[in-house]
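Notes follow the structure.
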Amino acid sequence: MTPKLLQIKQPWRFSAELFPLLAMLGAIVALSLAAIFIKLSERELGPFATIFNRFWVAYIVLWVWHEWESLRGPTDAIEEIEYTRRDQGLLVAAALMFWGCIALWAWSLTRTEVANSTLLHNLTPLFTTLGGWLLLQQRFDRRFVLGLVVAMTGAVALGVGDLQVSTSHLTGDLASLLSAVFSAANLMIIERLRTKFSVNTILQWCCLLGAIWTLPVVLLTEDRLFPISASGWLSVIGLAIVCQVLGQGLQAFSLKRLSSGLVGILLLLDPVLAALTAWVLFAESLTLFKWTAFFVVLLGVYLAQSSDVGTQPAEAERLTEV
């Protein structure tokens, strides 16, 4: 017997074009806080213990949210969906790509400089665009490609001043680059899953499987599994709720209306917001060069977003052609 899924239908009240962009901007704001929560968490925990707690706390929140919606929602708002083997494979693949992205990035930070890791991880939009063209048959016009190049140039400029080239950092740099590939693959898979599944369902799979896969890594490589202080618990709970549930949830929501290529470019705003947050909270200096790089990233994002081709998900593009 094929397993079935009950999910809540959400009413659509906003513009089909504006709301996904606003949701993605909200996701970027939430995700930009991840570095702060991780920095606070790693005062007590290792990188993989931080990831493990992020996943299991987020899964509990998502499960409670789903059960609450099921109880309060009217019966005519519930849709029954069947899991096919392909669906299950894609959900597992999305979870694996997301876990691989986070795990590789966390591990790379122990093997290379933060600037190197961040710079290489920010190559995600390059791989989403290439993957969308090769695997999803998406089309991109010159304006979109120009926006991609401009935005990535600005993002690279943000970290190039702190970049350190060294053979001793090679494994960490390769892990960071691979994390960008995994991130791009995750975005493309979720873009496909959003044609059928709710955000909550996709995130529950990612969080549950991510926690299961991370647990043995923590037990084998680190000394502590859970935080030992109130501030430690607040940091992992903030990471789970703000970054995983809210940030990743809004990002997955936007992928129903926006292409993975455009979402990848929009994510280049993350280091901009992270730098501005560090400027406000930690009084880190921002030079004229970095302010110029911020402007370049914003210009590239504007060019890509205003493109007529390449901003819609692959499924929507095929329906338009039909």
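Each chain in the structure tokens gets a letter, A, B and so on, in the order shown; residues start at 1 in every chain, and ligands are counted from 1 in the order they appear.
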
Fewer than 4 positions away in the same chain doesn't count, so skip those; otherwise give me all residues within 9 Å of Gly210 of chain A, counting only C-alpha atoms, as a PyMOL selection string.
chain A and resi 51-52+55-56+95-96+98-100+205-206+214-215

I need the residues from that last selection saved to file as a PDB file, in the first residue's frame (with N, CA, C and O atoms), if you can.
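Resulting contents of again-v6.pdb:
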ATOM      1  N   ILE A  51      25.019  21.392  14.883  1.00  0.00           N
ATOM      2  CA  ILE A  51      24.135  20.982  13.786  1.00  0.00           C
ATOM      3  C   ILE A  51      23.083  20.000  14.284  1.00  0.00           C
ATOM      4  O   ILE A  51      21.897  20.105  13.934  1.00  0.00           O
ATOM      5  N   PHE A  52      23.511  19.021  15.097  1.00  0.00           N
ATOM      6  CA  PHE A  52      22.568  18.024  15.608  1.00  0.00           C
ATOM      7  C   PHE A  52      21.438  18.679  16.400  1.00  0.00           C
ATOM      8  O   PHE A  52      20.256  18.370  16.195  1.00  0.00           O
ATOM      9  N   PHE A  55      18.977  20.517  14.207  1.00  0.00           N
ATOM     10  CA  PHE A  55      18.045  19.659  13.481  1.00  0.00           C
ATOM     11  C   PHE A  55      16.928  19.121  14.375  1.00  0.00           C
ATOM     12  O   PHE A  55      15.754  19.188  14.011  1.00  0.00           O
ATOM     13  N   TRP A  56      17.302  18.559  15.540  1.00  0.00           N
ATOM     14  CA  TRP A  56      16.251  17.903  16.323  1.00  0.00           C
ATOM     15  C   TRP A  56      15.310  18.924  16.943  1.00  0.00           C
ATOM     16  O   TRP A  56      14.098  18.665  17.044  1.00  0.00           O
ATOM     17  N   ALA A  95      17.209  16.030   1.792  1.00  0.00           N
ATOM     18  CA  ALA A  95      17.762  15.986   3.150  1.00  0.00           C
ATOM     19  C   ALA A  95      19.267  15.730   3.107  1.00  0.00           C
ATOM     20  O   ALA A  95      20.035  16.359   3.851  1.00  0.00           O
ATOM     21  N   LEU A  96      19.692  14.813   2.241  1.00  0.00           N
ATOM     22  CA  LEU A  96      21.113  14.479   2.141  1.00  0.00           C
ATOM     23  C   LEU A  96      21.924  15.670   1.638  1.00  0.00           C
ATOM     24  O   LEU A  96      23.003  15.967   2.157  1.00  0.00           O
ATOM     25  N   PHE A  98      21.131  18.867   1.861  1.00  0.00           N
ATOM     26  CA  PHE A  98      21.148  19.921   2.873  1.00  0.00           C
ATOM     27  C   PHE A  98      22.108  19.562   4.004  1.00  0.00           C
ATOM     28  O   PHE A  98      22.895  20.402   4.461  1.00  0.00           O
ATOM     29  N   TRP A  99      22.039  18.311   4.457  1.00  0.00           N
ATOM     30  CA  TRP A  99      22.946  17.870   5.514  1.00  0.00           C
ATOM     31  C   TRP A  99      24.397  17.944   5.042  1.00  0.00           C
ATOM     32  O   TRP A  99      25.278  18.406   5.775  1.00  0.00           O
ATOM     33  N   GLY A 100      24.641  17.510   3.824  1.00  0.00           N
ATOM     34  CA  GLY A 100      25.998  17.557   3.289  1.00  0.00           C
ATOM     35  C   GLY A 100      26.518  18.974   3.188  1.00  0.00           C
ATOM     36  O   GLY A 100      27.687  19.244   3.500  1.00  0.00           O
ATOM     37  N   TRP A 205      11.365  16.209   6.825  1.00  0.00           N
ATOM     38  CA  TRP A 205      12.249  15.169   6.297  1.00  0.00           C
ATOM     39  C   TRP A 205      13.713  15.582   6.448  1.00  0.00           C
ATOM     40  O   TRP A 205      14.556  14.796   6.893  1.00  0.00           O
ATOM     41  N   CYS A 206      14.027  16.831   6.072  1.00  0.00           N
ATOM     42  CA  CYS A 206      15.417  17.304   6.139  1.00  0.00           C
ATOM     43  C   CYS A 206      15.933  17.292   7.575  1.00  0.00           C
ATOM     44  O   CYS A 206      17.065  16.865   7.834  1.00  0.00           O
ATOM     45  N   THR A 214      23.630  13.024  11.727  1.00  0.00           N
ATOM     46  CA  THR A 214      24.640  13.790  12.459  1.00  0.00           C
ATOM     47  C   THR A 214      25.001  13.146  13.788  1.00  0.00           C
ATOM     48  O   THR A 214      26.143  13.273  14.261  1.00  0.00           O
ATOM     49  N   LEU A 215      24.051  12.459  14.412  1.00  0.00           N
ATOM     50  CA  LEU A 215      24.271  11.903  15.749  1.00  0.00           C
ATOM     51  C   LEU A 215      25.519  11.030  15.848  1.00  0.00           C
ATOM     52  O   LEU A 215      26.360  11.242  16.742  1.00  0.00           O
TER      53      LEU A 215
END

Need the shell around Leu25 of chain A: protein/DNA/RNA residues with any atom at most 9 Å away, counting only C-alpha atoms. Skip same-chain ones fewer than 2 positions apart. Format as an MDAnalysis selection string?
chainID A and resid 20:23 27:30 250:251 266:267 269

Residues from last step as file, N, CA and C atoms, as a PDB file, in the first residue's frame:
ATOM      1  N   PRO A  20       6.550  36.033  -2.976  1.00  0.00           N
ATOM      2  CA  PRO A  20       7.727  35.157  -2.909  1.00  0.00           C
ATOM      3  C   PRO A  20       9.029  35.933  -2.727  1.00  0.00           C
ATOM      4  N   LEU A  21       9.136  37.114  -3.350  1.00  0.00           N
ATOM      5  CA  LEU A  21      10.333  37.924  -3.181  1.00  0.00           C
ATOM      6  C   LEU A  21      10.456  38.426  -1.746  1.00  0.00           C
ATOM      7  N   LEU A  22       9.322  38.878  -1.172  1.00  0.00           N
ATOM      8  CA  LEU A  22       9.340  39.327   0.220  1.00  0.00           C
ATOM      9  C   LEU A  22       9.676  38.169   1.153  1.00  0.00           C
ATOM     10  N   ALA A  23       9.128  36.986   0.847  1.00  0.00           N
ATOM     11  CA  ALA A  23       9.434  35.810   1.661  1.00  0.00           C
ATOM     12  C   ALA A  23      10.917  35.478   1.586  1.00  0.00           C
ATOM     13  N   ALA A  27      13.718  35.353   4.456  1.00  0.00           N
ATOM     14  CA  ALA A  27      14.582  34.185   4.664  1.00  0.00           C
ATOM     15  C   ALA A  27      16.045  34.607   4.780  1.00  0.00           C
ATOM     16  N   ILE A  28      16.462  35.543   3.941  1.00  0.00           N
ATOM     17  CA  ILE A  28      17.855  35.996   3.952  1.00  0.00           C
ATOM     18  C   ILE A  28      18.184  36.677   5.274  1.00  0.00           C
ATOM     19  N   VAL A  29      17.249  37.494   5.784  1.00  0.00           N
ATOM     20  CA  VAL A  29      17.458  38.154   7.071  1.00  0.00           C
ATOM     21  C   VAL A  29      17.622  37.111   8.178  1.00  0.00           C
ATOM     22  N   ALA A  30      16.741  36.105   8.178  1.00  0.00           N
ATOM     23  CA  ALA A  30      16.818  35.056   9.196  1.00  0.00           C
ATOM     24  C   ALA A  30      18.104  34.246   9.062  1.00  0.00           C
ATOM     25  N   LEU A 250      10.932  29.894   4.761  1.00  0.00           N
ATOM     26  CA  LEU A 250      10.611  30.952   3.798  1.00  0.00           C
ATOM     27  C   LEU A 250      11.333  30.727   2.473  1.00  0.00           C
ATOM     28  N   GLN A 251      12.553  30.222   2.545  1.00  0.00           N
ATOM     29  CA  GLN A 251      13.284  29.931   1.311  1.00  0.00           C
ATOM     30  C   GLN A 251      12.588  28.840   0.511  1.00  0.00           C
ATOM     31  N   LEU A 266      19.829  35.586  -4.961  1.00  0.00           N
ATOM     32  CA  LEU A 266      19.321  36.361  -3.834  1.00  0.00           C
ATOM     33  C   LEU A 266      20.068  36.025  -2.545  1.00  0.00           C
ATOM     34  N   LEU A 267      20.520  34.778  -2.422  1.00  0.00           N
ATOM     35  CA  LEU A 267      21.255  34.365  -1.222  1.00  0.00           C
ATOM     36  C   LEU A 267      22.597  35.082  -1.098  1.00  0.00           C
ATOM     37  N   LEU A 269      22.875  38.060  -0.898  1.00  0.00           N
ATOM     38  CA  LEU A 269      22.634  39.148   0.042  1.00  0.00           C
ATOM     39  C   LEU A 269      22.952  38.732   1.473  1.00  0.00           C
TER      40      LEU A 269
END

List every residue of segment 80-280 of chain A that DSSP, applied to the backbone of this structure, places in helix (DSSP H, G or I), and write the result as a ChimeraX atom specification.
/A:85-108,114-121,124-134,142-160,167-193,199-221,230-254,260-266,269-280

All strand (DSSP E or B) residues (DSSP, backbone) inside segment 19-229 of chain A, as a compact mmCIF listing (two decimals) with all heavy atoms, in the first residue's frame:
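The new file result27.txt reads:
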# COMPACT_ATOMS: atom_id res chain seq x y z
N ILE A 78 -7.80 20.26 3.96
CA ILE A 78 -6.81 19.19 4.04
C ILE A 78 -6.79 18.41 2.74
O ILE A 78 -7.83 17.99 2.24
CB ILE A 78 -7.10 18.26 5.22
CG1 ILE A 78 -7.01 19.04 6.54
CG2 ILE A 78 -6.15 17.08 5.23
CD1 ILE A 78 -7.28 18.20 7.75
N GLU A 79 -5.61 18.24 2.20
CA GLU A 79 -5.44 17.55 0.93
C GLU A 79 -4.66 16.26 1.15
O GLU A 79 -3.67 16.24 1.87
CB GLU A 79 -4.68 18.46 -0.04
CG GLU A 79 -4.43 17.84 -1.40
CD GLU A 79 -3.65 18.78 -2.30
OE1 GLU A 79 -3.23 19.85 -1.82
OE2 GLU A 79 -3.47 18.43 -3.48
N GLU A 80 -5.13 15.20 0.56
CA GLU A 80 -4.47 13.91 0.70
C GLU A 80 -3.54 13.70 -0.49
O GLU A 80 -3.95 13.78 -1.64
CB GLU A 80 -5.51 12.80 0.78
CG GLU A 80 -4.93 11.46 1.18
CD GLU A 80 -6.00 10.40 1.34
OE1 GLU A 80 -6.36 9.80 0.30
OE2 GLU A 80 -6.47 10.19 2.46
N ILE A 81 -2.27 13.43 -0.19
CA ILE A 81 -1.26 13.25 -1.22
C ILE A 81 -0.57 11.91 -1.01
O ILE A 81 -0.26 11.54 0.13
CB ILE A 81 -0.23 14.39 -1.20
CG1 ILE A 81 -0.90 15.70 -1.63
CG2 ILE A 81 0.94 14.09 -2.11
CD1 ILE A 81 0.06 16.87 -1.68
N GLU A 82 -0.31 11.22 -2.08
CA GLU A 82 0.38 9.94 -2.00
C GLU A 82 1.88 10.12 -2.19
O GLU A 82 2.32 10.89 -3.04
CB GLU A 82 -0.16 8.98 -3.07
CG GLU A 82 -1.61 8.55 -2.86
CD GLU A 82 -2.04 7.51 -3.87
OE1 GLU A 82 -1.26 7.26 -4.82
OE2 GLU A 82 -3.13 6.95 -3.72

If you count only C-alpha atoms, which residues fall within 7 Å of Val301 of chain A, apart from same-chain ones fewer than 2 positions away, as a PDB file with N, CA and C atoms, in the first residue's frame?
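Final output, saved to around12.pdb:
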ATOM      1  N   GLY A 147      23.318  39.808 -14.353  1.00  0.00           N
ATOM      2  CA  GLY A 147      23.058  39.993 -12.924  1.00  0.00           C
ATOM      3  C   GLY A 147      23.814  38.989 -12.083  1.00  0.00           C
ATOM      4  N   ALA A 151      26.539  40.218  -9.375  1.00  0.00           N
ATOM      5  CA  ALA A 151      26.310  39.901  -7.964  1.00  0.00           C
ATOM      6  C   ALA A 151      27.437  39.045  -7.401  1.00  0.00           C
ATOM      7  N   ILE A 265      21.003  33.473  -6.391  1.00  0.00           N
ATOM      8  CA  ILE A 265      21.549  34.828  -6.510  1.00  0.00           C
ATOM      9  C   ILE A 265      21.093  35.692  -5.339  1.00  0.00           C
ATOM     10  N   LEU A 266      19.829  35.586  -4.961  1.00  0.00           N
ATOM     11  CA  LEU A 266      19.321  36.361  -3.834  1.00  0.00           C
ATOM     12  C   LEU A 266      20.068  36.025  -2.545  1.00  0.00           C
ATOM     13  N   VAL A 297      26.683  43.947  -5.306  1.00  0.00           N
ATOM     14  CA  VAL A 297      25.815  42.790  -5.073  1.00  0.00           C
ATOM     15  C   VAL A 297      24.350  43.183  -5.287  1.00  0.00           C
ATOM     16  N   LEU A 298      23.938  44.301  -4.724  1.00  0.00           N
ATOM     17  CA  LEU A 298      22.550  44.759  -4.870  1.00  0.00           C
ATOM     18  C   LEU A 298      22.207  45.019  -6.335  1.00  0.00           C
ATOM     19  N   LEU A 299      23.146  45.605  -7.076  1.00  0.00           N
ATOM     20  CA  LEU A 299      22.914  45.860  -8.499  1.00  0.00           C
ATOM     21  C   LEU A 299      22.734  44.550  -9.257  1.00  0.00           C
ATOM     22  N   LEU A 303      19.395  43.243 -11.325  1.00  0.00           N
ATOM     23  CA  LEU A 303      19.418  42.857 -12.737  1.00  0.00           C
ATOM     24  C   LEU A 303      18.853  41.455 -12.931  1.00  0.00           C
ATOM     25  N   ALA A 304      19.266  40.512 -12.079  1.00  0.00           N
ATOM     26  CA  ALA A 304      18.782  39.134 -12.211  1.00  0.00           C
ATOM     27  C   ALA A 304      17.288  39.043 -11.929  1.00  0.00           C
ATOM     28  N   GLN A 305      16.825  39.731 -10.878  1.00  0.00           N
ATOM     29  CA  GLN A 305      15.412  39.659 -10.495  1.00  0.00           C
ATOM     30  C   GLN A 305      14.511  40.280 -11.551  1.00  0.00           C
TER      31      GLN A 305
END

Which residue is closest to Asp87 of chain A? Choose from A:Cys207, A:Ile228, A:Leu170, A:Ile189 and count only C-alpha atoms.
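For Asp87 of chain A, the nearest of the candidates is A:Ile189.
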
If you count only C-alpha atoms, which residues fall within 10 Å of Ala49 of chain A, apart from same-chain ones fewer than 5 positions away, as a list in words?
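Answer for this query is Ser41, Glu42, Glu44, Arg54, Phe55, Ala211, Thr214, Leu215, Val217, Val218, Leu219, Thr221, Glu222, Asp223, Arg224, Leu225, Phe226, Pro227 and Val236 of chain A.
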